[in-house]
$ cat input-v7.txt   # compact mmCIF, C-alpha atoms and all ligand atoms
# COMPACT_ATOMS: atom_id res chain seq x y z
CA MET A 292 106.42 82.73 -171.79
CA LYS A 293 109.09 80.87 -169.86
CA GLU A 294 112.28 82.80 -169.20
CA PRO A 295 115.42 80.69 -168.92
CA ALA A 296 117.44 81.31 -165.78
CA ILE A 297 120.16 78.87 -166.87
CA GLU A 298 120.81 77.69 -170.42
CA ILE A 299 123.62 75.21 -170.93
CA ASN A 300 124.31 73.86 -174.38
CA ASN A 301 126.67 71.04 -175.23
CA LEU A 302 128.99 71.89 -172.34
CA THR A 303 132.23 69.98 -171.93
CA VAL A 304 134.80 70.64 -169.20
CA MET A 305 138.10 68.77 -169.23
CA GLY A 306 140.37 68.03 -166.25
CA GLY A 307 143.43 65.82 -166.06
CA GLY A 308 142.95 64.80 -169.69
CA HIS A 309 139.40 63.50 -169.06
CA PRO A 310 135.97 65.09 -169.41
CA LEU A 311 134.68 66.12 -165.97
CA LEU A 312 131.46 67.21 -167.68
CA ASP A 313 130.64 65.69 -171.04
CA SER A 314 128.24 67.31 -173.56
CA ILE A 315 125.84 68.63 -170.93
CA ASN A 316 122.55 70.27 -171.88
CA LEU A 317 120.39 71.86 -169.21
CA THR A 318 117.69 74.51 -169.17
CA ILE A 319 116.27 75.82 -165.91
CA ASN A 320 113.45 78.31 -166.25
CA ARG A 321 112.82 81.13 -163.83
CA GLY A 322 110.87 79.92 -160.82
CA GLU A 323 111.71 76.23 -161.22
CA PHE A 324 113.29 74.02 -158.57
CA HIS A 325 115.81 71.54 -159.99
CA ALA A 326 117.87 68.92 -158.23
CA VAL A 327 120.90 67.21 -159.69
CA ILE A 328 121.91 63.96 -158.06
CA GLY A 329 124.96 61.86 -158.72
CA PRO A 330 127.81 60.01 -157.06
CA ASN A 331 130.85 61.63 -155.43
CA GLY A 332 133.14 62.91 -158.14
CA GLY A 333 130.32 62.92 -160.70
CA GLY A 334 130.89 66.59 -161.54
CA LYS A 335 128.18 68.36 -159.47
CA THR A 336 130.41 71.01 -157.93
CA THR A 337 132.14 71.51 -161.28
CA LEU A 338 128.74 72.17 -162.87
CA LEU A 339 127.89 74.80 -160.23
CA LYS A 340 131.28 76.47 -160.69
CA VAL A 341 130.71 76.67 -164.44
CA ILE A 342 127.34 78.35 -163.81
CA LEU A 343 129.11 80.81 -161.50
CA GLY A 344 131.77 81.50 -164.14
CA LEU A 345 134.54 80.18 -161.87
CA ILE A 346 135.41 77.39 -164.32
CA LYS A 347 135.52 78.00 -168.07
CA PRO A 348 133.98 75.47 -170.45
CA ASP A 349 136.31 73.75 -172.92
CA SER A 350 133.41 73.75 -175.34
CA GLY A 351 129.74 74.64 -175.34
CA SER A 352 127.94 77.63 -173.89
CA VAL A 353 126.47 78.76 -170.56
CA LYS A 354 123.99 81.59 -170.11
CA VAL A 355 122.75 82.95 -166.79
CA PHE A 356 119.56 84.99 -167.18
CA GLY A 357 120.50 85.53 -170.84
CA LYS A 358 124.07 86.76 -170.24
CA THR A 359 127.48 85.29 -169.47
CA PRO A 360 127.96 83.87 -165.95
CA GLU A 361 130.41 86.68 -165.14
CA GLU A 362 127.93 89.36 -166.18
CA ASN A 363 125.11 87.95 -164.08
CA ARG A 364 126.95 86.29 -161.21
CA SER A 365 125.47 88.81 -158.79
CA LEU A 366 122.01 87.35 -159.52
CA ILE A 367 123.11 84.03 -158.04
CA GLY A 368 123.28 83.12 -154.37
CA TYR A 369 125.78 80.32 -153.88
CA VAL A 370 125.73 78.01 -150.87
CA PRO A 371 128.98 76.03 -151.09
CA GLN A 372 129.61 72.72 -149.38
CA PHE A 373 129.84 72.92 -145.59
CA ARG A 374 133.42 71.70 -145.56
CA THR A 375 134.55 74.84 -147.41
CA PHE A 376 133.58 76.95 -144.36
CA GLU A 377 135.74 77.50 -141.31
CA PHE A 378 133.18 77.63 -138.51
CA GLY A 379 135.84 77.93 -135.80
CA TYR A 380 136.46 81.64 -136.37
CA PRO A 381 135.10 84.01 -133.71
CA ILE A 382 132.45 85.53 -135.94
CA SER A 383 128.80 86.12 -135.17
CA VAL A 384 125.84 85.00 -137.28
CA MET A 385 125.14 88.66 -138.17
CA GLU A 386 128.74 89.18 -139.31
CA MET A 387 128.66 86.02 -141.38
CA VAL A 388 125.39 87.02 -143.07
CA LEU A 389 126.64 90.57 -143.64
CA SER A 390 129.66 89.19 -145.49
CA GLY A 391 127.17 88.14 -148.17
CA ARG A 392 126.83 91.87 -148.99
CA MET A 393 130.54 92.28 -149.83
CA GLY A 394 130.09 91.85 -153.56
CA HIS A 395 127.55 94.68 -153.58
CA ILE A 396 129.77 97.29 -151.94
CA LYS A 397 131.84 99.30 -154.39
CA GLY A 398 135.35 100.61 -153.73
CA ILE A 399 138.37 99.26 -151.91
CA ARG A 400 137.28 100.20 -148.40
CA LYS A 401 134.45 97.85 -147.67
CA THR A 402 132.26 99.50 -145.08
CA TYR A 403 128.78 98.17 -144.50
CA ARG A 404 126.02 100.69 -145.11
CA GLU A 405 122.69 100.87 -143.32
CA GLU A 406 121.08 99.25 -146.32
CA ASP A 407 123.45 96.25 -146.02
CA ILE A 408 122.56 95.81 -142.36
CA LYS A 409 118.85 96.03 -143.17
CA ILE A 410 119.14 93.39 -145.92
CA ALA A 411 121.21 91.10 -143.67
CA ARG A 412 118.51 91.40 -140.96
CA GLU A 413 115.81 90.55 -143.50
CA SER A 414 117.77 87.46 -144.63
CA ILE A 415 118.18 86.37 -141.02
CA GLU A 416 114.41 86.77 -140.53
CA ILE A 417 113.61 84.72 -143.64
CA LEU A 418 115.70 81.88 -142.21
CA GLY A 419 114.11 82.30 -138.77
CA ILE A 420 117.39 82.73 -136.91
CA GLU A 421 116.83 86.18 -135.36
CA ASP A 422 117.52 84.76 -131.89
CA LEU A 423 120.95 83.61 -133.04
CA ALA A 424 122.07 86.85 -134.69
CA GLU A 425 124.63 87.79 -132.02
CA ARG A 426 125.74 84.23 -131.26
CA ASN A 427 129.13 82.96 -132.28
CA LEU A 428 129.00 80.69 -135.31
CA SER A 429 131.20 78.06 -133.69
CA GLU A 430 128.64 77.55 -130.89
CA LEU A 431 125.80 76.63 -133.24
CA SER A 432 124.43 73.27 -134.31
CA GLY A 433 124.96 72.01 -137.86
CA GLY A 434 121.37 72.94 -138.79
CA GLU A 435 121.79 76.47 -137.39
CA GLN A 436 125.07 76.91 -139.25
CA GLN A 437 123.34 75.67 -142.38
CA ARG A 438 120.65 78.34 -142.02
CA THR A 439 123.31 80.96 -141.47
CA ILE A 440 125.18 80.21 -144.69
CA ILE A 441 121.91 80.20 -146.63
CA ALA A 442 121.01 83.57 -145.06
CA ARG A 443 124.44 84.79 -146.19
CA ALA A 444 123.63 83.74 -149.77
CA LEU A 445 120.23 85.50 -149.55
CA ALA A 446 121.90 88.69 -148.35
CA GLY A 447 123.21 89.11 -151.89
CA LYS A 448 119.55 89.50 -153.01
CA PRO A 449 119.84 86.69 -155.57
CA GLU A 450 117.27 85.67 -158.15
CA MET A 451 118.58 82.13 -158.12
CA LEU A 452 119.99 79.94 -155.37
CA LEU A 453 122.63 77.25 -155.99
CA LEU A 454 123.05 74.76 -153.15
CA ASP A 455 125.93 72.27 -153.04
CA GLU A 456 125.29 69.26 -150.77
CA PRO A 457 123.31 71.37 -148.30
CA THR A 458 122.24 68.54 -146.00
CA VAL A 459 125.50 66.67 -145.48
CA TYR A 460 125.86 67.43 -141.75
CA VAL A 461 122.24 67.61 -140.68
CA ASP A 462 119.98 64.95 -139.22
CA THR A 463 116.63 63.82 -140.61
CA PRO A 464 114.33 66.16 -138.60
CA THR A 465 116.57 69.10 -139.55
CA ASN A 466 116.41 67.91 -143.14
CA ARG A 467 112.61 68.10 -143.04
CA MET A 468 112.69 71.63 -141.68
CA PHE A 469 115.25 72.46 -144.30
CA PHE A 470 112.95 71.36 -147.10
CA LYS A 471 110.05 73.28 -145.65
CA MET A 472 112.29 76.32 -145.67
CA LEU A 473 113.38 75.65 -149.28
CA GLU A 474 109.72 75.41 -150.26
CA GLU A 475 109.23 78.93 -148.92
CA LEU A 476 112.34 80.18 -150.69
CA HIS A 477 111.12 78.56 -153.89
CA ASP A 478 108.18 81.00 -153.87
CA MET A 479 110.76 83.78 -154.15
CA MET A 480 113.40 82.40 -156.49
CA THR A 481 114.74 79.73 -158.83
CA ILE A 482 116.64 76.92 -157.08
CA LEU A 483 119.24 74.40 -158.19
CA LEU A 484 120.36 71.91 -155.57
CA VAL A 485 123.09 69.31 -156.17
CA THR A 486 123.62 66.31 -153.92
CA HIS A 487 124.87 62.74 -153.81
CA ASP A 488 122.19 62.01 -151.19
CA ILE A 489 119.04 61.03 -153.01
CA GLY A 490 117.23 61.05 -149.66
CA VAL A 491 116.99 64.82 -149.99
CA ILE A 492 114.89 64.72 -153.15
CA SER A 493 111.43 65.81 -152.11
CA SER A 494 108.08 66.32 -153.73
CA ASN A 495 108.50 70.07 -154.10
CA ILE A 496 111.30 69.61 -156.64
CA ASP A 497 110.16 70.07 -160.24
CA TYR A 498 112.91 68.26 -162.13
CA VAL A 499 115.64 65.80 -161.27
CA GLY A 500 118.85 65.36 -163.24
CA CYS A 501 121.30 62.49 -162.80
CA LEU A 502 124.91 63.54 -163.29
CA ASN A 503 127.89 61.30 -163.67
CA ARG A 504 129.98 63.26 -166.19
CA LYS A 505 126.92 63.11 -168.45
CA LEU A 506 123.62 64.62 -167.38
CA TYR A 507 120.25 62.95 -167.78
CA THR A 508 117.35 65.24 -166.94
CA HIS A 509 113.99 63.79 -165.99
CA HIS A 510 110.77 65.74 -166.12
CA THR A 511 109.60 64.31 -162.85
CA ASN A 512 110.40 64.51 -159.17
CA GLN A 513 109.99 60.76 -158.80
CA ILE A 514 113.29 58.96 -158.93
CA SER A 515 113.19 55.59 -160.61
CA GLN A 516 115.72 52.83 -160.28
CA ASP A 517 116.66 53.26 -163.93
CA MET A 518 117.51 56.91 -163.32
CA LEU A 519 119.78 55.94 -160.45
CA ASP A 520 121.34 53.10 -162.37
CA SER A 521 122.30 55.46 -165.15
CA ALA A 522 124.00 57.83 -162.71
CA TYR A 523 125.43 55.57 -160.03
CA LYS A 524 126.08 52.29 -161.85
CA CYS A 525 125.27 50.39 -158.65
CA PRO A 526 122.22 49.75 -156.45
CA VAL A 527 121.43 52.62 -154.12
CA GLU A 528 118.58 53.74 -151.89
CA LEU A 529 115.52 54.97 -153.61
CA ILE A 530 113.16 57.52 -152.16
CA ALA A 531 109.56 57.75 -153.15
CA HIS A 532 107.44 60.88 -153.39
CA GLY A 533 107.76 62.77 -150.09
CA ILE A 534 110.62 62.81 -147.61
CA PRO A 535 109.71 60.30 -144.88
CA HIS A 536 108.55 57.67 -147.33
CA ARG A 537 111.65 55.73 -148.23
CA VAL A 538 111.83 52.64 -150.38
CA PHE A 539 114.86 50.44 -150.60
CA GLU A 540 115.88 48.10 -153.32
CA GLU A 541 116.83 44.61 -152.26
CA HIS A 542 120.59 44.55 -152.36
CA ASP A 543 122.61 41.38 -152.21
CA GLU A 544 126.16 42.30 -151.21
CA ARG A 545 127.47 39.18 -152.98
CA ASP A 546 126.15 40.41 -156.31
CA ASN A 547 128.55 42.00 -158.67
CA TYR A 548 126.30 44.67 -160.06
CA THR A 549 126.59 45.08 -163.79
CA GLY A 550 123.54 47.08 -164.79
CA SER A 551 119.86 47.71 -164.34
CA LYS A 552 118.07 44.86 -162.60
CA ASN A 553 114.81 46.34 -161.39
CA SER A 554 112.50 48.96 -162.70
CA GLY A 555 110.99 51.43 -160.22
CA SER A 556 107.86 49.29 -159.94
CA ASP A 557 109.89 46.30 -158.75
CA LEU A 558 110.72 47.98 -155.48
CA LYS A 559 109.82 45.89 -152.51
CA LYS A 560 110.70 47.16 -149.10
CA GLU A 561 109.21 50.10 -147.40
CA ARG A 562 109.90 51.72 -144.05
N1 LIG A 601 140.86 71.07 -161.75
C1 LIG A 601 140.67 69.76 -161.83
N2 LIG A 601 141.50 69.00 -162.55
C2 LIG A 601 141.31 67.67 -162.66
N3 LIG A 601 140.29 67.03 -162.08
C3 LIG A 601 139.45 67.74 -161.33
C4 LIG A 601 139.57 69.14 -161.17
N4 LIG A 601 138.58 69.57 -160.37
C5 LIG A 601 137.85 68.49 -160.05
N5 LIG A 601 138.37 67.40 -160.62
C6 LIG A 601 137.84 66.03 -160.57
O1 LIG A 601 136.60 66.09 -161.24
C7 LIG A 601 135.69 65.17 -160.69
C8 LIG A 601 134.41 65.90 -160.37
O2 LIG A 601 134.61 66.72 -159.22
P1 LIG A 601 133.40 67.48 -158.52
O3 LIG A 601 133.93 68.16 -157.31
O4 LIG A 601 132.69 68.31 -159.53
O5 LIG A 601 132.46 66.26 -158.14
P2 LIG A 601 131.17 66.22 -157.21
O6 LIG A 601 130.13 65.49 -157.98
O7 LIG A 601 130.82 67.59 -156.74
O8 LIG A 601 131.70 65.34 -156.02
P3 LIG A 601 131.32 65.35 -154.44
O9 LIG A 601 129.94 64.79 -154.34
O10 LIG A 601 132.35 64.43 -153.87
O11 LIG A 601 131.46 66.75 -153.96
C9 LIG A 601 136.40 64.56 -159.48
O12 LIG A 601 136.90 63.30 -159.87
C10 LIG A 601 137.53 65.52 -159.18
O13 LIG A 601 138.63 64.86 -158.61
$ encode --input "input-v7.txt" --output "C-alpha cells" --more "lines below"
Ligand SMILES: Nc1ncnc2c1ncn2[C@@H]1O[C@H](COP(=O)(O)OP(=O)(O)OP(=O)(O)O)[C@@H](O)[C@H]1O
Amino acid sequence: MKEPAIEINNLTVMGGGHPLLDSINLTINRGEFHAVIGPNGGGKTTLLKVILGLIKPDSGSVKVFGKTPEENRSLIGYVPQFRTFEFGYPISVMEMVLSGRMGHIKGIRKTYREEDIKIARESIEILGIEDLAERNLSELSGGEQQRTIIARALAGKPEMLLLDEPTVYVDTPTNRMFFKMLEELHDMMTILLVTHDIGVISSNIDYVGCLNRKLYTHHTNQISQDMLDSAYKCPVELIAHGIPHRVFEEHDERDNYTGSKNSGSDLKKER
C-alpha cells in the first residue's frame, strides 16, 4: 500500500490580503519524484515553507509522513534557493556539509561527534565531491557549490528532499549531471523539486504540478502546452520527454496572448 509522504488538503495561505496559495491539494507518496513548475511569484517557495512548517496555513491541513510538519521536519532535507546562501564566507565544503548535522545535535553546545563526521563524509561521497572536501566554498564552481548544499541536506539523513530552484546558476551540461545525480538519489528517497525553469523537467520525474497560486497536478512527466498555459498564462518553452530534446512553441512577439492557442501536438520546432 502507498504511504503518503506529503498530504495537503485544501490549503490556503494568505499574504498582503491576497491568497499566495489557494485551495491546494497535493499528495506525494513515499518514493515518488514530483516537480512543481510555475512562474516567479507563483507560490513555489511558499509551498515548500508550508511543508517545512515555517509558514502556517490560513486554512486546510498539511501532513508530513502522517504528522504535523513541525513533528517530522527532521525527515526532510531542504535545499533552499542558491541566493539564500552566502558563498563568500571562508568555510570548507566539509564544514558546510557538517552544518547539516546541527539539527541532530542536542544541547546548547553544538560539538560535532564522530558519527556526524562519518555521516557528512558519506553525504560528500554520495555527491561525488570527496576531492573538494577541504576546499573553500567560495573557490568552487556553481555546480560544485550546488552539490555541496545538496550534500548538506543529505547530512540530515532525510527521507524526503525538497529542492527550490536547484539549477538556477548551472549550465546545461551541469544540469544533465545534476539530473543523473537526482535519479540516483531518487532510489533512496522521495523528492519534490520546484522550479520556474521547465527545462529541468526530465523523464525520471513521476508527476508534474503547475502552480500559480492554484495547483494543477498532472499524472505524467510530459508537459503539454495546456499545462503551461494554465500556470504561466503566456507562451513559454516546452520540453519534451528527456532533457536534451527541447521543443519550442512558435511565439509571435506582436501577439497579445490571451489564452491557450496550441495543444501539445501542435508543437512545431525542434532543436
Ligand atoms: N509574507 C508575505 N507577505 C505577502 N506576500 C508575500 C509574502 N511572502 C511571499 N509573498 C509573495 O507571495 C508570492 C509568492 O512568493 P514565492 O516566493 O512563494 O514565489 P515563487 O514561486 O517561489 O517565486 P520565485 O520563482 O521568484 O522564487 C510573491 O508574489 C511574493 O511577493
$ atom_distance --input "input-v7.txt" --atom1 "atom C8 of ligand LIG 601 (chain A)" --atom2 "atom CA of Thr337 of chain A"
6.1 Å
$ residues_near_ligand --input "input-v7.txt" --ligand "ligand LIG 601 (chain A)" --cutoff "12 Å" --atoms "all atoms listed in the file" --output "PyMOL selection string"
chain A and resi 304-313+327-341+345-348+371-375+454-459+484-489+501-506+522-523
$ residues_around --input "input-v7.txt" --residues "segment 421-424 of chain A" --least-positions-apart "5" --cutoff "8 Å" --atoms "all atoms listed in the file" --output "JSON, numbers by chain"
{"A": [383, 384, 385, 412, 415, 416]}
$ write_last_selection --input "input-v7.txt" --atoms "C-alpha atoms" --output "tab-separated table (two decimals), keeping the file's coordinate frame"
chain	number	residue	atom	x	y	z
A	383	SER	CA	128.80	86.12	-135.17
A	384	VAL	CA	125.84	85.00	-137.28
A	385	MET	CA	125.14	88.66	-138.17
A	412	ARG	CA	118.51	91.40	-140.96
A	415	ILE	CA	118.18	86.37	-141.02
A	416	GLU	CA	114.41	86.77	-140.53
$ closest_residue --input "input-v7.txt" --among "A:Ala411, A:Ile441, A:Leu452, A:Ala326" --to "Asn495 of chain A" --atoms "only C-alpha atoms"
A:Ala326
$ residues_near_point --input "input-v7.txt" --point "(114.0, 71.6, -159.9)" --cutoff "6 Å" --atoms "only C-alpha atoms" --output "count of residues only"
7
$ atom_distance --input "input-v7.txt" --atom1 "atom CA of Leu476 of chain A" --atom2 "atom CA of Gly391 of chain A"
17.0 Å
$ atom_distance --input "input-v7.txt" --atom1 "atom CA of Ser414 of chain A" --atom2 "atom CA of Gly447 of chain A"
9.2 Å
$ closest_residue --input "input-v7.txt" --among "A:Asn363, A:Ser352, A:Asn427, A:Asn316" --to "Gly379 of chain A" --atoms "all atoms listed in the file"
A:Asn427
$ residues_near_point --input "input-v7.txt" --point "(127.4, 88.1, -157.2)" --cutoff "10 Å" --atoms "only C-alpha atoms" --output "VMD selection string"
chain A and resid 343 360 to 369 391 to 395 444 447 to 449
$ closest_residue --input "input-v7.txt" --among "A:Val355, A:Met472, A:Ile342, A:Leu445" --to "Pro295 of chain A" --atoms "all atoms listed in the file"
A:Val355
